[in-house]
Every structure is written in C-alpha cells, then in structure tokens.
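Chemist: Following this message is one structure expressed as structure tokens.
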2 protein chains.
Amino acid sequence: MSDISKNKASNLTREIEIVKITPEESKKIKDRIVCEVPLTIILNGIRLIKLKCSPDRLEYLALGFLLSEELIKRDTRVKYVRLNRERWEVRIEVENKIKDRLLFFERRIASGCGGGIAFYREIHLSNYTFLEEKPRYFHKDISCLMEELQKKSLTFKITGGTHCCGLGSKKGIEVFAEDIGRHNAVDKVFGECFVKKVPTEDKIILTSGRVSSEILIKVASQKVPVIVSRSAPTDLAVELAEKLGVTLVGFARGNRMNIYTHPSRIV
Amino acid sequence: MSDISKNKASNLTREIEIVKITPEESKKIKDRIVCEVPLTIILNGIRLIKLKCSPDRLEYLALGFLLSEELIKRDTRVKYVRLNRERWEVRIEVENKIKDRLLFFERRIASGCGGGIAFYREIHLSNYTFLEEKPRYFHKDISCLMEELQKKSLTFKITGGTHCCGLGSKKGIEVFAEDIGRHNAVDKVFGECFVKKVPTEDKIILTSGRVSSEILIKVASQKVPVIVSRSAPTDLAVELAEKLGVTLVGFARGNRMNIYTHPSRIV
C-alpha cells in the first residue's frame with residue numbers, strides 16, 4: 001500500500017467569482033470554496049457505498065470507513081487499494097471472505113443511514129470491550145493539542161468549509177485529516193493509522209465536530225480511550241462513552257473544557 | 001394529521017453532572033446537553049430507515065424525509081402519521097402505491113449514504129426544473145431573517161449542539177426547526193410546510209449549517225429559489241445551484257454575506 005497518495009491541498013479548494021456584500025459595498029471578488037466529490041467504495045468487487053467527501057487521502061477514507069463498519073479488522077490483509085480519480089472510485093481487495101460481514105453491513109445500512117451510517121444497537125455494544133487503558137493527560141496537554149489541530153486546519157482557514165480530526169499523544173498530533181464531513185475526517189485518521197500501523201490504544205482523538213453516538217462508536221471501536229471536541233456532545237454519545245469507558249471532553253477552547261465521562265484520565 | 005405534536009423544548013435537552021475546567025479551577029457542575037434518539041421511519045408497513053435526530057417534530061421530520069427522498073410528493077394523500085415515543089417509530093400510511101418509488105429509493109440508499117442520503121446524479125437532475133421564480137429580497141431583509149433565526153435557536157443557546165433551519169419571507173420566519181443534524185432540520189421544515197400547505201416557491205431557506213450538494217438538492221426539490229447559510233458551501237453545491245437556478249448565499253453574518261450564484265434576486 002506504499003502508493004497511497006499524499007494530501008494535496010491544492011485539490012481541496014477551488015477559486016470562483018462571488019458577490020461579496022459588506023456594510024460599505026457590494027462587489028465581485030475571487031474567493032476559494034471547498035471541493036466535494038462523490039467517492040464510491042468497492043470491496044472485493046462489491047460496490048458498497050458512495051460517500052460525499054473532500055478529494056484527498058481517499059484511500060485512507062475508504063479503509064477507515066471499512067474499519068468503522070467492521071468490514072475489515074486491524075489484522076486484515078489488504079491485497080491492494082486502487083484509487084481512480086476519473087471515476088472517483090476506490091477498489092479494495094482483501095484476503096478474507098467478506099460475505100458474512102457484508103450481510104451484517106447491509107442490515108445496518110438498511111437501518112442506519114442519515115448523517116453517517118454507524119448506529120447504536122444494544123446487542124452490538126456487547127462486541128465492544130470496556131476500555132481499561134489508563135493514559136493520563138494534563139489538561140494543558142489537551143489545550144496544546146487543540147491549538148495544534150487548529151493550526152493544521154489549512155483548508156478550513158481558506159474556506160471555512162471543513163471539519164478536522166487528529167490522533168494526538170504527548171508528542172503532538174501524529175495523524176491529521178480534514179474533510180467536508182466530520183465522520184469522514186475521523187475515518188481518514190483511522191485509515192491512515194491502519195496503513196501505517198500506528199497504535200491508537202493510548203492516544204487521544206481530537207475533533208472540531210460535534211460528538212454524536214456515531215462518532216463515539218467509531219472512536220471506541222478503535223480502542224481510543226479519550227475523545228476531545230471543540231463542540232458539543234449529544235446525550236447518547238455521553239451514555240455510550242460512560243458504558244464503553246471512553247473519556248469524553250467537549251467545548252475544549254483555550255484553557256477551558258467540559259469533561260463529560262471518566263474524568264480520571266485528565267489530571 | 002391534526003394530532004401532530006408541537007415542539008417540546010424540555011425533551012430536547014437533558015441535565016447531567018460534568019467536570020468543568022477553567023483557567024481558575026476544576027469543579028463539578030450541572031450542565032444541559034442535547035438529546036439524540038434513533039427514529040425508525042415506516043412507510044406503508046415497510047421499515048425504511050433509522051435516523052439519528054433530536055426528539056421533537058418527528059412526524060414533520062419523517063414526512064420531510066419522504067419528500068426529500070421523493071417517496072411522497074406534495075400532492076400525496078397521507079392516511080395517517082403515528083408516532084410511537086416508546087419505540088421511536090413513525091408509521092406513515094399513504095394512498096399511493098410506493099413499490100416503484102421504493103425500488104428507486106433502495107438503489108439510492110445503496111449508493112448514497114454517509115452524511116445524509118440524497119446524492120448527486122446527473123440523470124436525476126433532469127427531474128428538477130430550473131427555478132425561474134424571481135422574488136427579490138433586500139440584503140437587509142436577509143440579515144434580519146438570519147438574526148431572527150438565531151434568536152429562535154433556543155436549544156442551541158442552551159447546549160451548543162444543534163443546527164437550525166427556517167423558511168423565511170418578507171414577513172419573517174414562518175416555519176422553524178432545530179435538530180442535531182443539519183439535514184434533519186431542513187427535512188423538519190419541509191415536513192411542516194407539507195402538513196400545513198405552506199407555499200415554498202417564493203420563500204428563502206435559512207440555515208446555520210454548511211451547504212453541501214445534499215442540502216442544495218433538498219431545497220431545489222421543494223422549489224425554494226433562495227438558500228442562505230451562516231456557513232460555507234461546497235463547490236458541488238455551488239455547481240448545482242447554478243444549474244438549478246437557486247440563489248446560494250453563504251457566510252451571512254451581520255450585514256455581510258457572500259452570494260455564490262444567481263445574485264439578481266438580492267437587491
């Protein structure tokens with residue numbers, strides 16, 4: 001998988017002419033807006049889904065999506081990942097048979113769409129182990145990581161149209177992604193961790209986006225014990241974080257933050 | 001459909017205990033967070049989908065979703081809409097046969113999930129007529145409507161966890177909804193317009209959320225000629241707005257705004 005493409009920021013935005021209205025005047029100017037493409041993911045020849053996303057790190061997005069949907073596992077052997085930028089398709093071939101998993105996926109799709117696919121099923125929760133991992137982070141570390149996250153969000157600075165996600169540790173942000181969708185940004189990070197074999201068990205996920213149950217499930221499935229967001233969580237996300245042993249931090253802005261669950265990991 | 005429930009703000013938030021960290025101290029406080037529920041939509045006995053949403057105006061959400069997905073039309077006769085709050089299910093029975101439409105819906109679901117369901121298909125665009133309607137709005141009217149939108153967003157003020165959407169005219173905001181999902185907020189507004197037979201052809205849709213292709217398609221399908229957002233659009237949304245005759249305004253904050261397409265409607 002060494003041919004996986006790097007982030008090309010130039011592809012993520014496009015210049016157009018707009019009319020800008022201010023209290024002083026109304027004038028035509030050039031402005032940059034964020035790009036959106038429809039990406040089809042094809043696994044072992046089967047067309048799974050079309051995601052609307054930002055056109056970079058698409059192989060990581062596809063792999064992260066498959067991980068989130070449990071169509072592959074962290075020890076799955078991937079034969080190839082091929083991106084076709086003309087058709088906006090990623091073809092992935094894995095060694096394992098995926099028939100049984102696909103059936104499960106289809107059932108989920110049929111009842112899980114709308115703002116992301118993963119969803120909350122009591123039965124399914126039994127597949128997740130309670131996270132016992134006890135990394136400890138100073139709240140100042142978290143503030144620094146959030147500051148680094150914002151600095152890295154170059155496409156957001158230009159267009160205001162993306163969410164970002166980072167995998168952080170005491171060393172700083174190790175993996176980073178931006179996308180028009182907050183779910184996609186998280187999947188891109190986990191896809192890159194999968195390819196580069198970056199451990200996630202003692203890390204923090206940092207995100208600009210709101211934390212709904214779907215985001216929380218993604219993070220718990222990759223055994224990340226801490227998620228920190230600039231924005232608000234939902235009550236279902238808080239409930240799941242409590243049950244799965246995830247420390248959930250919201251409204252992390254400057255030196256302020258709210259800890260919703262398992263505060264013992266934040267010193 | 002006279003039994004459709006009203007907005008109950010008390011159901012939209014929940015009080016929990018959190019740890020609040022500020023530069024001065026770290027202390028336990030009571031805080032309100034936004035609620036999230038999984039809503040199953042059942043049409044003529046067929047389980048269509050499970051949406052993650054805020055638990056109010058759920059009948060409107062279900063009807064708006066069916067409109068957006070073209071499973072019902074504005075002249076469809078609805079026999080009943082029944083909400084079960086124990087199971088979080090909305091059962092809708094319509095007079096028309098929906099078999100053909102369902103097949104189409106299933107094909108779309110199979111290739112359209114991820115951050116919303118509607119998606120961009122060249123072929124399908126031919127179903128939309130170019131919007132010729134020429135309502136004219138002063139940009140000051142738009143600024144006032146956006147101010148009114150923010151004032152109405154009570155759940156956002158309490159929790160910071162929702163998006164809002166309003167249908168506006170020169171009289172002010174006529175229909176309003178909040179939801180944890182920006183797609184859902186738009187569907188709730190169109191569902192209410194459907195039930196109350198509110199015309200949309202000469203109105204404005206106002207939203208707090210980013211405008212992706214999926215949001216633009218929803219607005220165009222209900223023949224609303226103007227969409228105004230506090231946030232950024234994507235290039236695909238701009239492209240579609242250009243093709244479908246929709247005036248797309250972004251970054252509408254105070255007296256400032258960017259007009260991306262068909263500026264002649266804004267004076």
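Ordering of the structure tokens sets the chain letters (A, B, ...), residue numbers begin anew at 1 in every chain, and ligands are numbered from 1 in the order given.
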Range 244-260 of chain A: which residues within 6 Å, counting only C-alpha atoms, same-chain residues fewer than 2 positions away excluded, as a CSV table (one decimal) with C-alpha atoms, in the first residue's frame?

Modeler:
```
chain,number,residue,atom,x,y,z
A,130,PHE,CA,-14.8,-1.6,28.2
A,131,LEU,CA,-11.6,0.5,27.8
A,143,SER,CA,-5.3,22.6,25.2
A,225,PRO,CA,-9.7,6.0,25.4
A,226,VAL,CA,-10.1,9.8,25.0
A,227,ILE,CA,-12.0,12.0,22.6
A,228,VAL,CA,-11.8,15.8,22.8
A,229,SER,CA,-14.0,18.1,20.8
A,230,ARG,CA,-14.3,21.8,20.2
A,231,SER,CA,-18.0,21.4,20.1
A,232,ALA,CA,-21.0,19.8,21.9
A,240,LEU,CA,-22.1,5.3,25.3
A,241,ALA,CA,-18.9,6.9,26.5
A,242,GLU,CA,-19.9,6.1,30.1
A,262,HIS,CA,-14.4,9.2,33.1
B,18,ILE,CA,-19.9,17.3,34.3
B,19,VAL,CA,-16.4,18.4,35.3
B,20,LYS,CA,-15.8,22.0,34.1
B,21,ILE,CA,-12.2,23.1,33.7
B,22,THR,CA,-11.4,26.8,33.5
B,23,PRO,CA,-8.0,28.6,34.0
```

Chemist: DSSP on the backbone, then: every residue of range 167-234 of chain B marked strand (DSSP E), written as an MDAnalysis selection string.

Modeler: chainID B and resid 167:169 172:179 204:207 226:229

Chemist: Tell me, as number ranges by chain, which residues lie within 10 Å of Phe194 in chain A, counting only C-alpha atoms; anything in the same chain fewer than 3 positions away does not count.

Modeler: A: 60, 63-64, 67, 73-76, 188-191, 197-200, 222

Chemist: Here is a test: counting only C-alpha atoms, which residue of B:Gly172, B:Pro263, B:Pro135, B:Gly45 is nearest to chain A?

Modeler: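 Nearest to chain A: B:Pro263.
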
Chemist: Just the residues within 9 Å of Thr159 in chain B, please, counting only C-alpha atoms, with nothing from its chain fewer than 3 positions along; format it as number ranges by chain.

Modeler: A: 232-233; B: 13, 31-34, 154-156, 162

Chemist: Taking N, CA and C atoms for each residue, export the selection above as a tab-separated table (two decimals), in the first residue's frame.

Modeler:
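Contents of the output file part31.tsv:
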```
chain	number	residue	atom	x	y	z
A	232	ALA	N	-20.09	20.41	20.95
A	232	ALA	CA	-20.97	19.77	21.94
A	232	ALA	C	-21.11	18.27	21.68
A	233	PRO	N	-21.34	17.47	22.74
A	233	PRO	CA	-21.71	16.07	22.56
A	233	PRO	C	-23.24	15.94	22.65
B	13	THR	N	-33.34	18.60	25.69
B	13	THR	CA	-32.09	18.68	26.43
B	13	THR	C	-32.20	17.85	27.70
B	31	ASP	N	-24.98	20.60	34.01
B	31	ASP	CA	-24.96	21.19	32.67
B	31	ASP	C	-26.04	20.52	31.82
B	32	ARG	N	-26.54	21.23	30.83
B	32	ARG	CA	-27.55	20.64	29.94
B	32	ARG	C	-26.91	20.25	28.61
B	33	ILE	N	-27.19	19.01	28.17
B	33	ILE	CA	-26.71	18.57	26.86
B	33	ILE	C	-27.91	18.22	25.97
B	34	VAL	N	-27.64	18.17	24.68
B	34	VAL	CA	-28.71	17.95	23.71
B	34	VAL	C	-29.04	16.45	23.60
B	154	LEU	N	-33.26	28.23	20.50
B	154	LEU	CA	-33.17	28.15	21.96
B	154	LEU	C	-32.34	26.94	22.41
B	155	THR	N	-32.51	25.80	21.74
B	155	THR	CA	-31.76	24.61	22.13
B	155	THR	C	-30.27	24.80	21.88
B	156	PHE	N	-29.94	25.49	20.81
B	156	PHE	CA	-28.52	25.79	20.54
B	156	PHE	C	-27.95	26.67	21.65
B	162	THR	N	-26.94	21.94	18.32
B	162	THR	CA	-27.93	21.75	17.24
B	162	THR	C	-27.65	22.66	16.05
```

Chemist: Of the residues A:Glu132, A:Glu147, A:Glu93, A:Glu69, which is the one nearest to chain B, using only C-alpha atoms?

Modeler: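 Under the stated criterion, the closest residue is A:Glu69.
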
Chemist: Calculated over only C-alpha atoms, which of the candidates A:Val90, A:Leu149, A:Leu12, A:Leu83 has the smallest distance to chain B?

Modeler: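 The closest residue to chain B is A:Leu12.
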
Chemist: Which residue is closest to Cys193 in chain A? Choose from A:Ile215, A:Val81, A:Leu167, A:Leu58 and count only C-alpha atoms.

Modeler: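 Comparing A:Ile215, A:Val81, A:Leu167, A:Leu58 against Cys193 in chain A, the winner is A:Leu167.
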
Chemist: Could you check how far CA of His163 in chain A sits from CA of Val238 in chain A, in Å to one decimal?

Modeler: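 Between CA of His163 in chain A and CA of Val238 in chain A the gap works out to 20.8 Å.
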
Chemist: Ranking B:Lys152, B:Arg14, B:Lys157, B:Arg77 by minimum distance to chain A and counting only C-alpha atoms, which one comes first?

Modeler: B:Arg14
